[in-house]
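*Asks:* Quick one: this structure, given as structure tokens, is what I'll be asking you about.
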Amino acid sequence: MRIGLFTDGYLPEISGVTTVVHWLKEELERLGHQAYVYAPGYHGFHDEEERVFRFRSRPFLFYKTSQVALPYNREATRSFKDLDIVHSHTPFSLGAVALVTAMRHHIPHIHTYHTYLAAYLHYLPRPLRPPKKAAEEASATFCNRCTAVTVPSIPIKEELLRYGVHRPIHVLPAGVHLPLFQQEPVWDPRRELEIPKRAHLFLCSGRLAAEKNLRFLLRAFEEIHKTDPGAVFILTGDGPQRGLLQEQVRRGGLNSAVIFTGFIDSAKLIDLYKASDLFLFASKTETQGLVLVEAMAGGTPAVAIGEMGVLDVVRDGVNGILAPEDAKEFGRMALELLNDRGRYERLCQGALRTAEELSTHKSALRFLELFEECLTPSTTTGRK
């Protein structure tokens, strides 16, 4: 099968969508299929992968780390007619290319709804910012032009149904590439970051942005630190709120307890997942929260706010705990878990089992099953 993956974010950009598309391509190819990626180009970056088509692009004016692709590439256009499946991972510029390609060549089009778009409107200046209802209607319009839609969690399926999406919606969570978590360590985070072995180590990884609710998470860690002065909190990644968050840390007198690492490569991040005691997560806008699954693959349970896609990943009392958006209570529940070693070890094992269920291999097999359904006229794609 020849599968076209259309995305507005790909390597070397670091994001959940990039990770999903990259590993889906690799798993599809391991299973004997040909996966083609259509993505923006990044200045100075050259692909080593085969079948990656780059489109000329410019940084998004209001979010400089993301690219906006110009929707034309002659070489890519010549390849479209050879595709069996169009699989879009964006509703924007290359998502539009996916729509046109599918219609012009009569190819089934599956769209994966990765991002809760209504939560990202704040990146646009107020004069250009559409109402939330308009963003929801735009999402529904795009999805309803596709053969089928996939979402990573049940709450996001319910959102799309509320928007008015009437195409079949399949819940297919993204996975993690487990072999990476079985490799030898490349560093000792505690030693290199000078964190005592007995200190409780908390971690959050991802984009440092408003929609991740990190200011709340720092307030919760303040409460943890009052009770456990030796505790350390690491935030990996970067983003528009980094300066604001660092100022909050300084005002709270936590400079020695909170570490901002910036972006680190995947091998070092995996070692950091494994070295941490708990993964803290406060975002209320996730379609799934792939970093939660990555932490679980490292054997690290999560303490998270139970909203949106998080509810499908964090199973309270099984692989983590769901806490309210109350800084004192969030902090108290995290420390209570760490102080109950029997319960904590059970959640560590539950986290590993969850990651196994959500491997990239199993995820690719589920997508292939859907692709085959869409290619068979006699069958329906209405399976839930």
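Chain identifiers are assigned as A, B, and so on, following the order in which chains appear in the structure tokens; residues are numbered from 1 within each chain, and ligands are numbered from 1 in order of appearance.
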Applying 10 Å and only C-alpha atoms, which residues near Asp228 in chain A remain after dropping the ones on its own chain fewer than 6 positions away? List them as number ranges by chain.
*Replies:* A: 199-200, 221-222, 335
*Asks:* Could you find all residues in range 95-221 of chain A that DSSP calls strand (DSSP E or B) from the backbone, and write them as a list in words?
*Replies:*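 Here is the list: His109, Ile110, His111, Thr112, Ala148, Val149, Thr150, Val151, Ile169, His170, Val171, Val176, Leu201, Phe202, Leu203, Cys204 and Ser205 of chain A.
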*Asks:* Excluding Ala323 in chain A and its own-chain neighbours fewer than 6 positions away, which residues fall within 12 Å of it when counting only C-alpha atoms? Please give them as a list in words.
*Replies:*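 The contact residues come out as Leu217, Ala220, Leu280, Phe281, Ala282, Ser283, Ala302, Val303, Ala304, Ile305, Gly306, Glu307, Val310, Leu311, Val314, Arg315, Asp316, Gly317, Glu329, Phe330, Gly331, Arg332, Met333, Ala334, Glu336 and Leu337 of chain A.
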*Asks:* Pull the helix (DSSP H, G or I) assignments for range 88-279 of chain A out of DSSP run on the backbone, and list those residues as a PyMOL selection string.
*Replies:* chain A and resi 93-105+117-123+126-128+132-143+154-163+178-182+189-192+210-212+214-227+242-251+266-275
*Asks:* Excluding Pro71 in chain A and any residue of its chain fewer than 6 positions from it, enumerate the residues within 12 Å of it, using only C-alpha atoms, and give them as a list of chain:residue names.
*Replies:*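 Within the cut-off, the hits are A:Phe6, A:Thr7, A:Asp8, A:Tyr38, A:Ala39, A:Pro40, A:Gly41, A:Phe53, A:Arg54, A:Phe55, A:Arg56, A:Ser57, A:Arg58, A:Thr77, A:Phe92, A:Ser93, A:Leu94, A:Gly95, A:Ala96, A:Val97, A:Ala98, A:Leu99, A:Val100, A:Thr101.
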*Asks:* Of the candidates A:Asp84, A:Asp271, A:Asp265, A:Glu194, which shows the shortest atom-to-atom distance to Thr376 in chain A, using only C-alpha atoms?
*Replies:*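 Closest residue, counting only C-alpha atoms: A:Asp84.
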*Asks:* Please provide the set of residues having any atom within 7 Å of range 347-359 of chain A, restricted to only C-alpha atoms, with same-chain residues fewer than 2 positions apart removed, written as a list in words.
*Replies:*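 Answer for this query is Ala174, Gly175, Val176, His177, Leu178, Val293, Met296, Ala297, Gly299, Thr300, Pro301, Gly317, Val318, Asn319, Gly320, Arg343, Tyr344, Glu345, His361, Lys362 and Ser363 of chain A.
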*Asks:* Now that the selection is made, can you save its residues with C-alpha atoms as a PDB file, in the first residue's frame?
*Replies:*
ATOM      1  CA  ALA A 174      -1.112   7.353  19.086  1.00  0.00           C
ATOM      2  CA  GLY A 175       1.662   5.139  20.385  1.00  0.00           C
ATOM      3  CA  VAL A 176       5.258   5.253  21.569  1.00  0.00           C
ATOM      4  CA  HIS A 177       8.204   3.448  19.984  1.00  0.00           C
ATOM      5  CA  LEU A 178       9.005   1.002  22.776  1.00  0.00           C
ATOM      6  CA  VAL A 293       2.407   7.767  27.288  1.00  0.00           C
ATOM      7  CA  MET A 296       4.628   5.694  31.210  1.00  0.00           C
ATOM      8  CA  ALA A 297       6.933   3.844  28.793  1.00  0.00           C
ATOM      9  CA  GLY A 299       7.784   3.421  34.071  1.00  0.00           C
ATOM     10  CA  THR A 300       6.787   6.816  35.457  1.00  0.00           C
ATOM     11  CA  PRO A 301       3.184   7.343  36.612  1.00  0.00           C
ATOM     12  CA  GLY A 317      -5.377   4.385  40.446  1.00  0.00           C
ATOM     13  CA  VAL A 318      -4.041   2.204  37.603  1.00  0.00           C
ATOM     14  CA  ASN A 319      -1.211   4.129  35.879  1.00  0.00           C
ATOM     15  CA  GLY A 320      -1.458   7.492  37.620  1.00  0.00           C
ATOM     16  CA  ARG A 343       0.597   1.966  45.743  1.00  0.00           C
ATOM     17  CA  TYR A 344       3.336   3.818  43.868  1.00  0.00           C
ATOM     18  CA  GLU A 345       4.972   0.599  42.638  1.00  0.00           C
ATOM     19  CA  HIS A 361       3.516  -1.034  16.198  1.00  0.00           C
ATOM     20  CA  LYS A 362      -0.007  -1.663  17.450  1.00  0.00           C
ATOM     21  CA  SER A 363      -1.036   1.848  16.425  1.00  0.00           C
TER      22      SER A 363
END
*Asks:* Could the residues of range 273-367 of chain A that have an atom at most 12 Å from range 185-189 of chain A be listed as CSV, each with its closest atom pair and the distance in Å to one decimal, counting only C-alpha atoms and ordered by chain and ascending residue number?
*Replies:*
residue,atom,partner,partner_atom,distance
A:Tyr273,CA,A:Pro189,CA,9.6
A:Lys274,CA,A:Pro189,CA,9.5
A:Ala275,CA,A:Pro189,CA,6.9
A:Ser276,CA,A:Pro189,CA,9.1
A:Gly298,CA,A:Pro185,CA,11.7
*Asks:* Which residues are near Arg207 in chain A? Cut-off 8 Å, only C-alpha atoms, ignore same chain within fewer than 5 positions. Put them as an MDAnalysis selection string.
*Replies:* chainID A and resid 15 212 237:239
